[in-house]
file protein25.txt (compact mmCIF, C-alpha atoms and all ligand atoms)
# COMPACT_ATOMS: atom_id res chain seq x y z
CA MET S 61 25.62 -20.31 -19.42
CA SER S 62 23.49 -17.74 -17.61
CA ILE S 63 20.13 -18.58 -16.07
CA SER S 64 18.45 -16.37 -18.67
CA ALA S 65 20.12 -18.29 -21.50
CA GLN S 66 19.28 -21.67 -19.93
CA ARG S 67 15.65 -20.70 -19.57
CA ALA S 68 15.48 -19.34 -23.12
CA ASN S 69 16.92 -22.63 -24.41
CA GLN S 70 14.38 -24.63 -22.42
CA ILE S 71 11.51 -22.47 -23.72
CA ALA S 72 12.81 -22.69 -27.30
CA ALA S 73 12.91 -26.49 -27.06
CA ALA S 74 9.39 -26.63 -25.60
CA LEU S 75 8.09 -24.31 -28.32
CA SER S 76 9.63 -26.57 -30.98
CA ALA S 77 8.05 -29.63 -29.34
CA ALA S 78 4.66 -27.90 -29.24
CA ARG S 79 4.95 -26.97 -32.93
CA ALA S 80 5.74 -30.61 -33.70
CA ARG S 81 2.64 -31.80 -31.79
CA SER S 82 0.34 -29.46 -33.68
CA TRP S 83 -1.06 -30.04 -37.13
CA ARG S 84 -0.93 -26.30 -37.81
CA LEU S 85 1.92 -24.67 -39.68
CA ILE S 86 2.22 -22.02 -36.97
CA LEU S 87 1.77 -22.33 -33.23
CA PHE S 88 -1.48 -21.34 -31.61
CA GLY S 89 -1.24 -22.08 -27.93
CA PHE S 90 -0.49 -21.13 -24.38
CA VAL S 91 2.83 -20.64 -22.65
CA THR S 92 2.59 -20.87 -18.88
CA ALA S 93 5.61 -19.60 -17.02
CA TYR S 94 6.39 -18.28 -13.59
CA CYS S 95 8.56 -15.70 -11.94
CA ASP S 96 10.70 -17.11 -9.16
CA ASN S 97 12.13 -13.78 -8.05
CA PRO S 98 11.36 -13.80 -4.30
CA ARG S 99 11.01 -10.00 -4.31
CA CYS S 100 8.45 -9.99 -7.13
CA ALA S 101 4.69 -10.22 -6.51
CA ALA S 102 4.01 -11.89 -9.86
CA ARG S 103 3.97 -15.68 -9.93
CA GLU S 104 2.29 -17.44 -12.82
CA ILE S 105 2.10 -15.74 -16.20
CA GLU S 106 0.13 -17.16 -19.12
CA ILE S 107 0.83 -15.97 -22.63
CA HIS S 108 -1.66 -16.71 -25.39
CA VAL S 109 0.48 -17.35 -28.44
CA LYS S 110 -0.38 -16.93 -32.08
CA GLU S 111 2.79 -17.05 -34.09
CA GLN S 112 3.03 -15.30 -37.41
CA HIS S 113 4.73 -16.89 -40.38
CA ASN S 114 8.49 -16.52 -40.07
CA GLU S 115 8.09 -14.78 -36.70
CA PRO S 116 8.23 -17.41 -33.95
CA VAL S 117 7.77 -16.57 -30.30
CA ALA S 118 10.96 -15.17 -28.82
CA PRO S 119 12.04 -17.68 -26.15
CA ASP S 120 13.66 -15.14 -23.83
CA LEU S 121 10.50 -14.37 -21.90
CA CYS S 122 10.64 -11.84 -19.08
CA CYS S 123 8.34 -11.15 -16.15
CA PRO S 124 6.04 -8.20 -16.87
CA ALA S 125 6.35 -7.05 -13.24
CA CYS S 126 10.10 -7.24 -12.55
CA SER S 127 11.64 -7.99 -15.99
CA GLY S 128 13.41 -11.07 -14.60
CA PRO S 129 13.73 -14.20 -16.76
CA LEU S 130 10.65 -16.39 -16.59
CA ALA S 131 10.88 -20.10 -15.85
CA LEU S 132 8.80 -22.37 -18.04
CA HIS S 133 5.95 -24.29 -16.49
CA HIS S 134 4.45 -25.81 -19.65
CA ILE S 135 3.27 -25.14 -23.19
CA GLU S 136 -0.02 -26.35 -24.60
CA THR S 137 -1.22 -26.15 -28.16
CA ARG S 138 -4.69 -24.76 -28.71
CA GLU S 139 -5.92 -28.28 -29.49
CA GLU S 140 -4.40 -29.69 -26.30
CA ARG S 141 -6.02 -26.95 -24.20
CA HIS S 142 -9.37 -27.55 -25.88
CA ALA S 143 -9.19 -31.33 -25.31
CA ALA S 144 -8.21 -30.83 -21.67
CA GLY S 145 -11.15 -28.47 -21.18
CA GLU S 146 -13.58 -30.97 -22.67
CA ALA S 147 -12.17 -33.79 -20.52
CA GLU S 148 -12.51 -31.61 -17.41
CA ALA S 149 -16.12 -30.80 -18.32
CA ARG S 150 -16.97 -34.51 -18.72
CA SER S 151 -15.31 -35.29 -15.38
CA ASN S 152 -17.29 -32.53 -13.65
CA VAL S 153 -20.59 -33.81 -15.04
CA ALA S 154 -19.73 -37.42 -14.10
CA ALA S 155 -18.90 -36.33 -10.55
CA GLN S 156 -22.15 -34.34 -10.29
CA LEU S 157 -24.18 -37.32 -11.53
CA TYR S 158 -22.54 -39.56 -8.93
CA SER S 159 -23.17 -37.03 -6.16
CA ARG S 160 -26.81 -36.78 -7.17
CA ARG S 161 -27.22 -40.57 -6.97
CA HIS S 162 -25.09 -40.92 -3.82
CA PRO S 163 -25.67 -37.79 -1.73
CA GLY S 164 -23.18 -37.27 1.05
CA GLU S 165 -20.74 -39.94 -0.21
CA GLY S 166 -17.22 -39.41 -1.40
CA ILE S 167 -16.75 -39.70 -5.14
CA PRO S 168 -14.56 -42.66 -6.24
CA LEU S 169 -11.68 -41.64 -8.52
CA GLY S 170 -12.82 -44.03 -11.25
CA THR S 171 -16.06 -42.08 -11.48
CA PHE S 172 -14.48 -38.99 -12.95
CA LEU S 173 -11.07 -39.94 -14.35
CA ASN S 174 -10.72 -40.51 -18.11
CA VAL S 175 -14.43 -40.21 -18.82
CA SER S 176 -15.17 -40.69 -22.51
CA LEU S 177 -18.07 -38.86 -24.11
CA GLU S 178 -19.74 -42.20 -24.88
CA SER S 179 -19.60 -43.38 -21.26
CA LEU S 180 -20.83 -40.00 -20.04
CA ILE S 181 -23.82 -40.14 -22.40
CA ALA S 182 -24.60 -43.66 -21.13
CA ARG S 183 -24.42 -42.44 -17.52
CA VAL S 184 -26.73 -39.51 -18.26
CA LEU S 185 -29.26 -41.78 -19.99
CA THR S 186 -29.09 -44.23 -17.08
CA ASP S 187 -29.51 -41.38 -14.63
CA GLU S 188 -32.59 -40.22 -16.50
CA GLY S 189 -33.94 -43.78 -16.67
CA ARG S 190 -33.76 -43.85 -20.48
CA ALA S 191 -31.14 -46.57 -20.90
ZN ZN S 201 8.69 -11.03 -11.54
call {"tool": "encode", "arguments": {"input": "protein25.txt", "output": "structure tokens"}}
result
Amino acid sequence: MSISAQRANQIAAALSAARARSWRLILFGFVTAYCDNPRCAAREIEIHVKEQHNEPVAPDLCCPACSGPLALHHIETREERHAAGEAEARSNVAAQLYSRRHPGEGIPLGTFLNVSLESLIARVLTDEGRA
């Protein structure tokens, strides 16, 4: 099997898995792939996907710069991307709160990993002296 065919199969499987993770009937999401052609200047390519009914994304993705077959990095549904963005925002705020209370100190990992909205609200209220 050619590299192009192997990569298309891998992308098709990842697209199917993403569709299965989503509650939507069609895939809204993001395909992140990369070009590993050493003579090509392009590296990471992100495709914002909105499938149409009965027209799934073609899995044989090619680099827009050199037309070589793209290698899959990952696929996220729209909901997964949104949740990751919200988690990153909470982590950033938690780290900033810690830095404000402990200027010049390193930030412990537990301060900004897996921060729930409830714990972040509690930290903000504590920081403002309202809890
Ligand atoms: Zn390329």
call {"tool": "residues_near_ligand", "arguments": {"input": "protein25.txt", "ligand": "ligand ZN 201 (chain S)", "cutoff": "9 Å", "atoms": "all atoms listed in the file", "output": "compact mmCIF listing (two decimals) with C-alpha atoms, in the frame of the given file"}}
result
# COMPACT_ATOMS: atom_id res chain seq x y z
CA TYR S 94 6.39 -18.28 -13.59
CA CYS S 95 8.56 -15.70 -11.94
CA ASP S 96 10.70 -17.11 -9.16
CA ASN S 97 12.13 -13.78 -8.05
CA PRO S 98 11.36 -13.80 -4.30
CA ARG S 99 11.01 -10.00 -4.31
CA CYS S 100 8.45 -9.99 -7.13
CA ALA S 101 4.69 -10.22 -6.51
CA ALA S 102 4.01 -11.89 -9.86
CA ARG S 103 3.97 -15.68 -9.93
CA CYS S 122 10.64 -11.84 -19.08
CA CYS S 123 8.34 -11.15 -16.15
CA PRO S 124 6.04 -8.20 -16.87
CA ALA S 125 6.35 -7.05 -13.24
CA CYS S 126 10.10 -7.24 -12.55
CA SER S 127 11.64 -7.99 -15.99
CA GLY S 128 13.41 -11.07 -14.60
CA PRO S 129 13.73 -14.20 -16.76
CA LEU S 130 10.65 -16.39 -16.59
call {"tool": "closest_residue", "arguments": {"input": "protein25.txt", "among": "S:Val184, S:Val117, S:Val153, S:Ala147", "to": "S:Val91", "atoms": "all atoms listed in the file"}}
result
S:Val117
call {"tool": "residues_around", "arguments": {"input": "protein25.txt", "residues": "S:Glu139", "least_positions_apart": "2", "cutoff": "9 Å", "atoms": "only C-alpha atoms", "output": "PyMOL selection string"}}
result
chain S and resi 82+88-89+136-137+141-144
call {"tool": "closest_residue", "arguments": {"input": "protein25.txt", "among": "S:Gln112, S:Ser62, S:Gln70, S:Gln156", "to": "S:Ile86", "atoms": "all atoms listed in the file"}}
result
S:Gln112
call {"tool": "atom_distance", "arguments": {"input": "protein25.txt", "atom1": "atom CA of S:Ile181", "atom2": "atom CA of S:Gly145"}}
result
17.3 Å
call {"tool": "closest_residue", "arguments": {"input": "protein25.txt", "among": "S:Ile135, S:Ala80, S:Ala182, S:Leu87", "to": "S:Glu106", "atoms": "only C-alpha atoms"}}
result
S:Ile135
call {"tool": "closest_residue", "arguments": {"input": "protein25.txt", "among": "S:Ile107, S:Leu169, S:Leu177, S:Arg190", "to": "S:Pro119", "atoms": "all atoms listed in the file"}}
result
S:Ile107
call {"tool": "closest_residue", "arguments": {"input": "protein25.txt", "among": "S:Gly170, S:Glu111, S:Ser159, S:Pro116", "to": "S:Asp187", "atoms": "all atoms listed in the file"}}
result
S:Ser159
call {"tool": "atom_distance", "arguments": {"input": "protein25.txt", "atom1": "atom CA of S:Pro163", "atom2": "atom CA of S:Arg150"}}
result
19.4 Å
call {"tool": "decode", "arguments": {"input": "protein25.txt", "residues": "stretch 76-125 of chain S", "atoms": "N, CA and C atoms", "output": "compact mmCIF listing (two decimals), in the first residue's frame"}}
result
# COMPACT_ATOMS: atom_id res chain seq x y z
N SER S 76 -13.89 9.08 11.12
CA SER S 76 -15.00 8.25 11.64
C SER S 76 -15.06 8.30 13.16
N ALA S 77 -13.89 8.25 13.80
CA ALA S 77 -13.85 8.30 15.27
C ALA S 77 -14.36 9.66 15.76
N ALA S 78 -13.99 10.72 15.07
CA ALA S 78 -14.45 12.06 15.47
C ALA S 78 -15.96 12.18 15.30
N ARG S 79 -16.48 11.64 14.21
CA ARG S 79 -17.94 11.65 14.01
C ARG S 79 -18.63 10.90 15.14
N ALA S 80 -18.04 9.80 15.57
CA ALA S 80 -18.64 8.99 16.64
C ALA S 80 -18.60 9.72 17.98
N ARG S 81 -17.59 10.57 18.18
CA ARG S 81 -17.50 11.32 19.45
C ARG S 81 -18.46 12.49 19.51
N SER S 82 -18.94 12.93 18.37
CA SER S 82 -19.78 14.12 18.31
C SER S 82 -21.25 13.75 18.39
N TRP S 83 -22.02 14.62 18.97
CA TRP S 83 -23.47 14.41 19.02
C TRP S 83 -24.14 14.86 17.73
N ARG S 84 -23.40 15.56 16.89
CA ARG S 84 -23.98 16.09 15.65
C ARG S 84 -24.08 14.98 14.60
N LEU S 85 -24.98 15.17 13.66
CA LEU S 85 -25.12 14.20 12.58
C LEU S 85 -24.00 14.34 11.55
N ILE S 86 -23.44 15.53 11.46
CA ILE S 86 -22.33 15.77 10.54
C ILE S 86 -21.17 16.35 11.34
N LEU S 87 -19.98 16.22 10.82
CA LEU S 87 -18.79 16.64 11.55
C LEU S 87 -18.51 18.13 11.35
N PHE S 88 -18.44 18.82 12.47
CA PHE S 88 -17.89 20.17 12.52
C PHE S 88 -16.61 20.01 13.31
N GLY S 89 -15.50 20.42 12.79
CA GLY S 89 -14.28 20.23 13.56
C GLY S 89 -13.05 20.75 12.87
N PHE S 90 -11.93 20.21 13.31
CA PHE S 90 -10.63 20.70 12.87
C PHE S 90 -9.72 19.50 12.60
N VAL S 91 -9.17 19.47 11.42
CA VAL S 91 -8.18 18.45 11.06
C VAL S 91 -6.83 19.15 11.06
N THR S 92 -5.93 18.65 11.88
CA THR S 92 -4.58 19.20 11.90
C THR S 92 -3.65 18.14 11.32
N ALA S 93 -2.95 18.54 10.28
CA ALA S 93 -2.05 17.62 9.58
C ALA S 93 -0.74 18.34 9.31
N TYR S 94 0.23 17.60 8.84
CA TYR S 94 1.51 18.24 8.54
C TYR S 94 2.12 17.63 7.29
N CYS S 95 2.96 18.45 6.68
CA CYS S 95 3.68 18.02 5.49
C CYS S 95 5.09 17.64 5.93
N ASP S 96 5.47 16.41 5.65
CA ASP S 96 6.81 15.98 6.04
C ASP S 96 7.78 15.91 4.86
N ASN S 97 7.42 16.57 3.78
CA ASN S 97 8.32 16.67 2.63
C ASN S 97 9.47 17.60 3.02
N PRO S 98 10.69 17.11 3.09
CA PRO S 98 11.80 17.96 3.55
C PRO S 98 12.09 19.14 2.62
N ARG S 99 11.60 19.09 1.39
CA ARG S 99 11.84 20.20 0.46
C ARG S 99 10.69 21.20 0.43
N CYS S 100 9.69 20.99 1.28
CA CYS S 100 8.52 21.87 1.32
C CYS S 100 8.60 22.77 2.54
N ALA S 101 8.25 24.05 2.35
CA ALA S 101 8.30 25.02 3.45
C ALA S 101 7.09 24.88 4.38
N ALA S 102 6.01 24.30 3.91
CA ALA S 102 4.82 24.15 4.75
C ALA S 102 5.08 23.08 5.80
N ARG S 103 4.52 23.25 6.97
CA ARG S 103 4.63 22.24 8.02
C ARG S 103 3.24 21.86 8.50
N GLU S 104 2.68 22.62 9.41
CA GLU S 104 1.38 22.25 9.95
C GLU S 104 0.27 22.94 9.16
N ILE S 105 -0.75 22.18 8.84
CA ILE S 105 -1.90 22.70 8.12
C ILE S 105 -3.15 22.35 8.93
N GLU S 106 -3.98 23.36 9.17
CA GLU S 106 -5.23 23.12 9.90
C GLU S 106 -6.39 23.37 8.94
N ILE S 107 -7.29 22.42 8.89
CA ILE S 107 -8.46 22.53 8.04
C ILE S 107 -9.70 22.59 8.92
N HIS S 108 -10.47 23.65 8.78
CA HIS S 108 -11.72 23.77 9.51
C HIS S 108 -12.77 23.03 8.69
N VAL S 109 -13.37 22.02 9.30
CA VAL S 109 -14.25 21.11 8.58
C VAL S 109 -15.70 21.35 8.95
N LYS S 110 -16.52 21.44 7.95
CA LYS S 110 -17.97 21.41 8.13
C LYS S 110 -18.50 20.52 7.02
N GLU S 111 -18.77 19.28 7.40
CA GLU S 111 -19.24 18.33 6.39
C GLU S 111 -20.67 18.66 5.99
N GLN S 112 -20.99 18.33 4.79
CA GLN S 112 -22.36 18.45 4.30
C GLN S 112 -22.97 17.05 4.34
N HIS S 113 -24.27 16.99 4.41
CA HIS S 113 -24.93 15.69 4.41
C HIS S 113 -24.54 14.91 3.16
N ASN S 114 -24.17 13.68 3.36
CA ASN S 114 -23.79 12.76 2.29
C ASN S 114 -22.53 13.21 1.53
N GLU S 115 -21.80 14.17 2.09
CA GLU S 115 -20.53 14.57 1.46
C GLU S 115 -19.47 14.69 2.55
N PRO S 116 -18.94 13.55 2.99
CA PRO S 116 -17.91 13.59 4.04
C PRO S 116 -16.60 14.17 3.50
N VAL S 117 -15.74 14.53 4.43
CA VAL S 117 -14.43 15.05 4.06
C VAL S 117 -13.66 13.94 3.32
N ALA S 118 -13.07 14.29 2.21
CA ALA S 118 -12.23 13.33 1.49
C ALA S 118 -10.96 13.10 2.31
N PRO S 119 -10.61 11.86 2.60
CA PRO S 119 -9.47 11.60 3.48
C PRO S 119 -8.10 11.72 2.82
N ASP S 120 -8.07 11.86 1.51
CA ASP S 120 -6.77 11.94 0.83
C ASP S 120 -6.33 13.41 0.75
N LEU S 121 -5.93 13.93 1.90
CA LEU S 121 -5.56 15.33 2.00
C LEU S 121 -4.15 15.56 1.48
N CYS S 122 -3.99 16.67 0.74
CA CYS S 122 -2.70 17.00 0.15
C CYS S 122 -2.22 18.36 0.64
N CYS S 123 -0.93 18.53 0.70
CA CYS S 123 -0.33 19.80 1.11
C CYS S 123 -0.68 20.88 0.08
N PRO S 124 -1.13 22.04 0.55
CA PRO S 124 -1.45 23.12 -0.40
C PRO S 124 -0.20 23.72 -1.04
N ALA S 125 0.97 23.48 -0.48
CA ALA S 125 2.20 24.06 -1.03
C ALA S 125 2.89 23.15 -2.04
